[in-house]
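Structure file entry_31.cif; described as mmCIF, C-alpha atoms; chains and numbers go by the auth columns.
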```cif
data_upload
#
loop_
_atom_site.group_PDB
_atom_site.id
_atom_site.type_symbol
_atom_site.label_atom_id
_atom_site.label_comp_id
_atom_site.label_asym_id
_atom_site.label_seq_id
_atom_site.Cartn_x
_atom_site.Cartn_y
_atom_site.Cartn_z
_atom_site.B_iso_or_equiv
_atom_site.auth_seq_id
_atom_site.auth_asym_id
ATOM 1 C CA SER A 1 -9.351 -16.798 -6.483 0.00 479 G
ATOM 2 C CA ILE A 2 -9.322 -19.498 -3.765 0.00 480 G
ATOM 3 C CA SER A 3 -10.089 -17.003 -1.048 0.00 481 G
ATOM 4 C CA SER A 4 -13.077 -15.663 -2.971 0.00 482 G
ATOM 5 C CA VAL A 5 -14.529 -19.195 -3.219 0.00 483 G
ATOM 6 C CA GLY A 6 -14.388 -19.535 0.535 0.00 484 G
ATOM 7 C CA THR A 7 -16.163 -16.257 1.119 0.00 485 G
ATOM 8 C CA GLY A 8 -18.924 -17.385 -1.270 0.00 486 G
ATOM 9 C CA GLY A 9 -20.281 -19.757 1.377 0.00 487 G
ATOM 10 C CA GLU A 10 -18.561 -23.040 0.554 0.00 488 G
ATOM 11 C CA ASP A 11 -17.111 -23.526 4.035 0.00 489 G
ATOM 12 C CA GLY A 12 -15.720 -26.962 3.324 0.00 490 G
ATOM 13 C CA ILE A 13 -13.626 -25.782 0.407 0.00 491 G
ATOM 14 C CA SER A 14 -12.517 -22.749 2.379 0.00 492 G
ATOM 15 C CA ALA A 15 -11.420 -24.866 5.327 0.00 493 G
ATOM 16 C CA LYS A 16 -9.508 -27.329 3.143 0.00 494 G
ATOM 17 C CA THR A 17 -7.886 -24.501 1.269 0.00 495 G
ATOM 18 C CA SER A 18 -6.891 -22.839 4.521 0.00 496 G
ATOM 19 C CA ASN A 19 -5.301 -26.080 5.761 0.00 497 G
ATOM 20 C CA VAL A 20 -3.351 -26.493 2.542 0.00 498 G
ATOM 21 C CA ARG A 21 -2.192 -22.897 2.728 0.00 499 G
ATOM 22 C CA ARG A 22 -0.987 -23.319 6.306 0.00 500 G
ATOM 23 C CA SER A 23 0.782 -26.546 5.419 0.00 501 G
ATOM 24 C CA ASN A 24 2.559 -24.994 2.462 0.00 502 G
ATOM 25 C CA SER A 25 3.471 -21.989 4.575 0.00 503 G
ATOM 26 C CA GLY A 26 5.115 -24.227 7.134 0.00 504 G
ATOM 27 C CA VAL A 27 7.192 -25.980 4.495 0.00 505 G
ATOM 28 C CA SER A 28 8.155 -22.696 2.927 0.00 506 G
ATOM 29 C CA SER A 29 9.216 -21.187 6.255 0.00 507 G
ATOM 30 C CA SER A 30 11.326 -24.155 7.242 0.00 508 G
ATOM 31 C CA THR A 31 12.916 -24.228 3.795 0.00 509 G
ATOM 32 C CA LYS A 32 13.747 -20.514 4.011 0.00 510 G
ATOM 33 C CA ARG A 33 15.239 -20.945 7.473 0.00 511 G
ATOM 34 C CA SER A 34 17.332 -23.852 6.287 0.00 512 G
ATOM 35 C CA SER A 35 18.579 -21.867 3.285 0.00 513 G
ATOM 36 C CA ALA A 36 19.367 -18.847 5.433 0.00 514 G
ATOM 37 C CA ASN A 37 21.308 -20.986 7.924 0.00 515 G
ATOM 38 C CA SER A 38 23.286 -22.543 5.108 0.00 516 G
ATOM 39 C CA ALA A 39 24.098 -19.117 3.674 0.00 517 G
ATOM 40 C CA ASN A 40 25.178 -17.814 7.062 0.00 518 G
ATOM 41 C CA ALA A 41 27.341 -20.845 7.647 0.00 519 G
ATOM 42 C CA GLY A 42 29.023 -20.282 4.326 0.00 520 G
ATOM 43 C CA SER A 43 29.786 -16.625 5.090 0.00 521 G
ATOM 44 C CA SER A 44 30.701 -17.012 8.768 0.00 522 G
ATOM 45 C CA SER A 45 34.346 -16.552 8.011 0.00 523 G
ATOM 46 C CA GLY A 46 33.755 -12.775 7.509 0.00 524 G
ATOM 47 C CA PRO A 47 36.505 -10.345 6.596 0.00 525 G
ATOM 48 C CA PRO A 48 40.135 -11.339 6.966 0.00 526 G
ATOM 49 C CA SER A 49 41.540 -11.171 10.484 0.00 527 G
ATOM 50 C CA SER A 50 43.766 -8.236 9.517 0.00 528 G
ATOM 51 C CA ALA A 51 40.663 -6.087 8.979 0.00 529 G
ATOM 52 C CA ARG A 52 38.992 -7.039 12.261 0.00 530 G
ATOM 53 C CA SER A 53 39.700 -6.058 15.828 0.00 531 G
ATOM 54 C CA ALA A 54 38.070 -6.179 19.221 0.00 532 G
ATOM 55 C CA ARG A 55 36.990 -2.538 18.719 0.00 533 G
ATOM 56 C CA GLY A 56 35.452 -3.009 15.271 0.00 534 G
ATOM 57 C CA ALA A 57 36.366 -3.323 11.616 0.00 535 G
ATOM 58 C CA ILE A 58 39.247 -1.240 10.308 0.00 536 G
ATOM 59 C CA LYS A 59 38.624 0.401 6.942 0.00 537 G
ATOM 60 C CA PRO A 60 41.801 0.319 4.852 0.00 538 G
ATOM 61 C CA ASP A 61 42.913 3.218 2.659 0.00 539 G
ATOM 62 C CA ARG A 62 42.535 1.671 -0.777 0.00 540 G
ATOM 63 C CA ARG A 63 43.800 4.766 -2.530 0.00 541 G
ATOM 64 C CA GLY A 64 47.332 5.985 -2.074 0.00 542 G
ATOM 65 C CA ILE A 65 48.006 8.602 0.582 0.00 543 G
ATOM 66 C CA ASN A 66 49.516 11.779 -0.822 0.00 544 G
ATOM 67 C CA VAL A 67 50.796 14.584 1.386 0.00 545 G
ATOM 68 C CA VAL A 68 49.248 17.871 0.291 0.00 546 G
ATOM 69 C CA PRO A 69 51.667 20.836 0.173 0.00 547 G
ATOM 70 C CA PRO A 70 51.145 23.306 3.056 0.00 548 G
ATOM 71 C CA ASP A 71 49.886 26.041 0.733 0.00 549 G
ATOM 72 C CA GLU A 72 47.186 23.703 -0.627 0.00 550 G
ATOM 73 C CA VAL A 73 45.788 22.610 2.731 0.00 551 G
ATOM 74 C CA PRO A 74 42.037 23.433 2.976 0.00 552 G
ATOM 75 C CA ARG A 75 41.302 26.531 5.029 0.00 553 G
ATOM 76 C CA HIS A 76 38.254 28.561 5.977 0.00 554 G
ATOM 77 C CA ASP A 77 37.749 31.630 3.818 0.00 555 G
ATOM 78 C CA VAL A 78 37.501 34.538 6.256 0.00 556 G
ATOM 79 C CA THR A 79 37.842 37.290 3.656 0.00 557 G
ATOM 80 C CA GLY A 80 35.781 40.260 4.797 0.00 558 G
ATOM 81 C CA ASP A 81 34.552 38.470 7.933 0.00 559 G
ATOM 82 C CA ILE A 82 36.310 40.021 10.915 0.00 560 G
ATOM 83 C CA TYR A 83 34.391 37.894 13.397 0.00 561 G
ATOM 84 C CA ARG A 84 35.334 34.523 11.910 0.00 562 G
ATOM 85 C CA ALA A 85 38.934 35.673 11.595 0.00 563 G
ATOM 86 C CA GLU A 86 39.033 36.746 15.238 0.00 564 G
ATOM 87 C CA VAL A 87 37.487 33.478 16.483 0.00 565 G
ATOM 88 C CA LEU A 88 40.060 31.415 14.590 0.00 566 G
ATOM 89 C CA LYS A 89 42.909 33.645 15.753 0.00 567 G
ATOM 90 C CA ARG A 90 41.950 33.397 19.425 0.00 568 G
ATOM 91 C CA ALA A 91 41.257 29.670 19.386 0.00 569 G
ATOM 92 C CA LYS A 92 44.513 28.805 17.662 0.00 570 G
ATOM 93 C CA ALA A 93 46.569 31.081 19.921 0.00 571 G
ATOM 94 C CA ARG A 94 45.112 29.425 23.011 0.00 572 G
ATOM 95 C CA SER A 95 45.731 25.904 21.704 0.00 573 G
ATOM 96 C CA CYS A 96 49.314 26.713 20.664 0.00 574 G
ATOM 97 C CA HIS A 97 49.997 28.216 24.087 0.00 575 G
ATOM 98 C CA MET A 98 48.781 25.057 25.813 0.00 576 G
ATOM 99 C CA VAL A 99 50.971 22.897 23.580 0.00 577 G
ATOM 100 C CA ARG A 100 54.050 25.039 24.229 0.00 578 G
ATOM 101 C CA GLU A 101 53.497 24.770 27.973 0.00 579 G
ATOM 102 C CA ALA A 102 53.131 20.997 27.724 0.00 580 G
ATOM 103 C CA VAL A 103 56.324 20.707 25.677 0.00 581 G
ATOM 104 C CA GLY A 104 58.095 22.822 28.279 0.00 582 G
ATOM 105 C CA ARG A 105 57.033 20.346 30.948 0.00 583 G
ATOM 106 C CA GLY A 106 58.434 17.510 28.860 0.00 584 G
ATOM 107 C CA GLU A 107 55.034 16.016 28.065 0.00 585 G
ATOM 108 C CA GLU A 108 54.085 14.252 24.863 0.00 586 G
ATOM 109 C CA VAL A 109 51.618 16.474 23.040 0.00 587 G
ATOM 110 C CA LEU A 110 50.629 14.053 20.279 0.00 588 G
ATOM 111 C CA THR A 111 49.818 10.361 20.315 0.00 589 G
ATOM 112 C CA THR A 112 50.182 7.980 17.402 0.00 590 G
ATOM 113 C CA VAL A 113 47.358 5.450 17.590 0.00 591 G
ATOM 114 C CA ARG A 114 46.033 2.410 15.787 0.00 592 G
ATOM 115 C CA ASN A 115 42.440 1.335 15.330 0.00 593 G
ATOM 116 C CA GLU A 116 41.013 4.772 16.132 0.00 594 G
ATOM 117 C CA VAL A 117 38.066 6.634 14.590 0.00 595 G
ATOM 118 C CA CYS A 118 38.930 9.646 12.434 0.00 596 G
ATOM 119 C CA HIS A 119 37.149 12.942 13.183 0.00 597 G
ATOM 120 C CA ILE A 120 36.649 13.652 9.476 0.00 598 G
ATOM 121 C CA CYS A 121 35.772 10.375 7.752 0.00 599 G
ATOM 122 C CA HIS A 122 34.356 8.697 10.885 0.00 600 G
ATOM 123 C CA ASN A 123 36.027 5.438 9.914 0.00 601 G
ATOM 124 C CA ARG A 124 38.206 3.289 12.140 0.00 602 G
ATOM 125 C CA LYS A 125 41.659 3.362 10.575 0.00 603 G
ATOM 126 C CA GLU A 126 44.878 1.416 10.974 0.00 604 G
ATOM 127 C CA LEU A 127 46.967 4.480 11.823 0.00 605 G
ATOM 128 C CA GLY A 128 46.052 7.883 13.191 0.00 606 G
ATOM 129 C CA LEU A 129 47.082 10.750 15.415 0.00 607 G
ATOM 130 C CA ILE A 130 45.412 12.086 18.563 0.00 608 G
ATOM 131 C CA PHE A 131 46.017 15.773 19.163 0.00 609 G
ATOM 132 C CA HIS A 132 47.063 17.484 22.383 0.00 610 G
ATOM 133 C CA CYS A 133 43.485 17.790 23.659 0.00 611 G
ATOM 134 C CA GLY A 134 43.285 13.999 23.844 0.00 612 G
ATOM 135 C CA LYS A 135 39.772 14.027 22.387 0.00 613 G
ATOM 136 C CA HIS A 136 40.183 14.385 18.631 0.00 614 G
ATOM 137 C CA ALA A 137 42.020 12.272 16.076 0.00 615 G
ATOM 138 C CA TYR A 138 42.768 12.337 12.352 0.00 616 G
ATOM 139 C CA CYS A 139 43.553 9.207 10.390 0.00 617 G
ATOM 140 C CA ASP A 140 46.814 9.001 8.459 0.00 618 G
ATOM 141 C CA SER A 141 45.073 9.929 5.208 0.00 619 G
ATOM 142 C CA HIS A 142 43.501 13.084 6.612 0.00 620 G
ATOM 143 C CA CYS A 143 46.709 14.114 8.373 0.00 621 G
ATOM 144 C CA ALA A 144 48.234 14.087 4.895 0.00 622 G
ATOM 145 C CA SER A 145 45.399 15.881 3.094 0.00 623 G
ATOM 146 C CA ARG A 146 44.424 18.381 5.823 0.00 624 G
ATOM 147 C CA LEU A 147 47.663 19.016 7.741 0.00 625 G
ATOM 148 C CA SER A 148 50.400 18.216 5.198 0.00 626 G
ATOM 149 C CA PHE A 149 52.167 15.424 7.112 0.00 627 G
ATOM 150 C CA ARG A 150 51.783 11.706 7.803 0.00 628 G
ATOM 151 C CA ALA A 151 50.602 10.432 11.187 0.00 629 G
ATOM 152 C CA GLY A 152 53.785 8.396 11.480 0.00 630 G
ATOM 153 C CA ASP A 153 55.976 11.487 11.101 0.00 631 G
ATOM 154 C CA TYR A 154 55.627 12.256 14.797 0.00 632 G
ATOM 155 C CA ASP A 155 58.403 10.678 16.863 0.00 633 G
ATOM 156 C CA SER A 156 57.481 10.350 20.538 0.00 634 G
ATOM 157 C CA LYS A 157 61.200 10.015 21.329 0.00 635 G
ATOM 158 C CA ASN A 158 61.671 13.558 20.070 0.00 636 G
ATOM 159 C CA PRO A 159 58.597 15.314 21.552 0.00 637 G
ATOM 160 C CA THR A 160 59.871 18.826 20.806 0.00 638 G
ATOM 161 C CA ASN A 161 59.787 18.164 17.054 0.00 639 G
ATOM 162 C CA ILE A 162 56.030 18.233 16.507 0.00 640 G
ATOM 163 C CA PRO A 163 54.360 18.488 13.065 0.00 641 G
ATOM 164 C CA VAL A 164 51.330 20.350 14.443 0.00 642 G
ATOM 165 C CA ASP A 165 51.159 22.490 17.585 0.00 643 G
ATOM 166 C CA PHE A 166 47.389 22.803 17.888 0.00 644 G
ATOM 167 C CA CYS A 167 44.240 20.719 17.621 0.00 645 G
ATOM 168 C CA PRO A 168 42.449 21.590 14.359 0.00 646 G
ATOM 169 C CA VAL A 169 39.095 20.578 15.844 0.00 647 G
ATOM 170 C CA CYS A 170 39.386 22.561 19.078 0.00 648 G
ATOM 171 C CA THR A 171 40.605 25.608 17.144 0.00 649 G
ATOM 172 C CA LEU A 172 37.843 25.211 14.515 0.00 650 G
ATOM 173 C CA THR A 173 40.426 25.360 11.722 0.00 651 G
ATOM 174 C CA CYS A 174 39.165 21.935 10.642 0.00 652 G
ATOM 175 C CA THR A 175 37.084 22.425 7.499 0.00 653 G
ATOM 176 C CA CYS A 176 34.724 19.500 7.968 0.00 654 G
ATOM 177 C CA ALA A 177 30.991 20.305 7.896 0.00 655 G
ATOM 178 C CA LYS A 178 30.561 20.033 11.662 0.00 656 G
ATOM 179 C CA CYS A 179 33.469 22.354 12.490 0.00 657 G
ATOM 180 C CA THR A 180 32.361 24.829 9.816 0.00 658 G
ATOM 181 C CA ARG A 181 28.903 25.017 11.385 0.00 659 G
ATOM 182 C CA ARG A 182 30.475 25.449 14.811 0.00 660 G
ATOM 183 C CA LEU A 183 32.662 28.279 13.543 0.00 661 G
ATOM 184 C CA GLU A 184 29.617 30.026 12.093 0.00 662 G
ATOM 185 C CA ASP A 185 27.768 29.678 15.393 0.00 663 G
ATOM 186 C CA VAL A 186 30.617 31.048 17.522 0.00 664 G
ATOM 187 C CA SER A 187 31.243 33.907 15.085 0.00 665 G
ATOM 188 C CA ARG A 188 27.574 34.863 15.145 0.00 666 G
ATOM 189 C CA LYS A 189 27.568 34.953 18.943 0.00 667 G
ATOM 190 C CA MET A 190 30.677 37.142 18.950 0.00 668 G
ATOM 191 C CA LYS A 191 29.052 39.539 16.499 0.00 669 G
ATOM 192 C CA ILE A 192 25.944 39.814 18.680 0.00 670 G
ATOM 193 C CA ALA A 193 28.094 40.459 21.759 0.00 671 G
ATOM 194 C CA CYS A 194 30.092 43.127 19.931 0.00 672 G
ATOM 195 C CA GLN A 195 26.958 44.896 18.778 0.00 673 G
ATOM 196 C CA ALA A 196 25.560 44.843 22.309 0.00 674 G
ATOM 197 C CA GLN A 197 28.795 46.355 23.696 0.00 675 G
ATOM 198 C CA ASN A 198 29.291 48.672 20.729 0.00 676 G
ATOM 199 C CA CYS A 199 32.836 47.429 20.151 0.00 677 G
ATOM 200 C CA GLY A 200 34.892 45.536 17.616 0.00 678 G
ATOM 201 C CA PRO A 201 35.746 41.823 17.799 0.00 679 G
ATOM 202 C CA LYS A 202 39.287 42.527 19.038 0.00 680 G
ATOM 203 C CA ASP A 203 37.866 44.438 22.012 0.00 681 G
ATOM 204 C CA GLU A 204 35.264 41.825 22.985 0.00 682 G
ATOM 205 C CA ASP A 205 36.236 39.412 25.765 0.00 683 G
#
```

Take the structure in the file and write it out as C-alpha cells.
Amino acid sequence: SISSVGTGGEDGISAKTSNVRRSNSGVSSSTKRSSANSANAGSSSGPPSSARSARGAIKPDRRGINVVPPDEVPRHDVTGDIYRAEVLKRAKARSCHMVREAVGRGEEVLTTVRNEVCHICHNRKELGLIFHCGKHAYCDSHCASRLSFRAGDYDSKNPTNIPVDFCPVCTLTCTCAKCTRRLEDVSRKMKIACQAQNCGPKDED
C-alpha cells in the first residue's frame, strides 16, 4: 500500500503521498458538508404544522379508537393475593373519597387537555384527560381502551357527571408495567408489616 512505501524509507514519496491524501480529504470533507447542507435545506420544512406545537410533536392515532366494554377493561389479577387486593381497595377508596369531596365543593375533578403526554404510551397526543390528582393523564386512545370512555366524554359544564371518579395511576389500578411494579412493591411492604405485627392486611394501618 502507499503507507507501506512511506514506512520503507522513501521519505519523499511518503511526504508527497501525505500531501495528496490531505488535499483529497479536504475536498471530500467540503463536498460532504455541501451535500449535507443541501439535504437539510431540502428537508427543513419538517412535519406539517398540524403535527407540531411549541411543546413538541403530537403523535396522531393512526388506528381507529374503539371504546372497550367495561367488563373487558384490563385489570390486575389479585386472585389468591390478599395483600394486592387490600392495597388496591384502600387506594381506590381514598381516591374516590377525595373526588366526592371535590365534587361537593363544586370543583372540576377532571381536565380535558390537548398536547399532553400520556402516562401509558408516553406520547404527546392531540386529546387527553388529566385526572383529579392533577399529575397523571391518559390520551384519548387509552381512556377508551383502559377506562371504557373517550376523553371528550367529560363535560366540564356538568362536573357531577364524571366518567371516572379516581386516578388509575394513584390507585395503582393502571396495568402499565410501571404501576404493576409499584403495586408489587407496596403489597410486599404490607405483607412484611403484617408478618411483623402478626395480623392480617385488613388490620394493618

Interatomic distance between atom CA of Arg628 of chain G and atom CA of Lys603 of chain G? 13.4 Å

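Evaluated against this file, the PyMOL selection byres ((chain G and resi 569-582) around 9) yields Glu564, Val565, Leu566, Lys567, Arg568, Arg583, Gly584, Glu585, Glu586, Val587, His610, Cys611, Pro637, Thr638, Asp643, Phe644, Cys645, Pro646, Cys648, Thr649, Leu650 and Thr651 of chain G.
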
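Here, the PyMOL selection byres ((chain G and resi 597) around 8) matches Val595, Cys596, Ile598, Cys599, His600, His614, Ala615, Tyr616 and Cys617 of chain G.
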
Using all atoms listed in the file, which of G:Glu594, G:Val647, G:Cys654, G:Met668 sits nearest Asp681 of chain G?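 The shortest atom-to-atom distance to Asp681 of chain G comes from G:Met668.
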
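Note that atom CA of His620 of chain G and atom CA of Asp539 of chain G are 10.6 Å apart.
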
In terms of the shortest atom-to-atom distance over all atoms listed in the file, which of G:Ile608, G:Asp633, G:Cys677, G:Ala655 is closest to Cys621 of chain G?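 Smallest separation from Cys621 of chain G among the options: G:Ile608.
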
Padding 3 Å on each side, edges along x, y and z: where is the centre of the box around the listed atoms of segment 600-605 of chain G, and how long are its edges in Å to one decimal? Output it as AutoDock Vina command-line options.
```
--center_x 40.7 --center_y 5.1 --center_z 11.0 --size_x 18.6 --size_y 13.3 --size_z 8.2
```

Would you mind telling me which residue in G:Arg624, G:Pro679, G:Ile560, G:Gln673 lies nearest to Val642 of chain G when using only C-alpha atoms? G:Arg624

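Rounded to one decimal, atom CA of Ser626 of chain G and atom CA of Ile543 of chain G lie 10.9 Å from each other.
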
Could you tell me, as a short mmCIF file (atom, residue, chain, number, x, y, z; two decimals) with C-alpha atoms, keeping the file's coordinate frame, exactly which residues end up selected when the PyMOL selection byres ((chain G and resi 542) around 12) is applied to this structure?
```cif
data_model
loop_
_atom_site.label_atom_id
_atom_site.label_comp_id
_atom_site.auth_asym_id
_atom_site.auth_seq_id
_atom_site.Cartn_x
_atom_site.Cartn_y
_atom_site.Cartn_z
CA PRO G 538 41.80 0.32 4.85
CA ASP G 539 42.91 3.22 2.66
CA ARG G 540 42.54 1.67 -0.78
CA ARG G 541 43.80 4.77 -2.53
CA ILE G 543 48.01 8.60 0.58
CA ASN G 544 49.52 11.78 -0.82
CA VAL G 545 50.80 14.58 1.39
CA ASP G 618 46.81 9.00 8.46
CA SER G 619 45.07 9.93 5.21
CA HIS G 620 43.50 13.08 6.61
CA ALA G 622 48.23 14.09 4.89
CA SER G 623 45.40 15.88 3.09
#
```

Of the candidates G:Val551, G:Lys537, G:Ala563, G:Phe627, which one gets nearest to Arg602 of chain G if we count all atoms listed in the file?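 Of G:Val551, G:Lys537, G:Ala563, G:Phe627, the one nearest Arg602 of chain G, counting all atoms listed in the file, is G:Lys537.
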
Here is a test: counting all atoms listed in the file, which residue of G:Cys672, G:Thr557, G:Gly630, G:Leu588 is nearest to Glu604 of chain G? G:Gly630
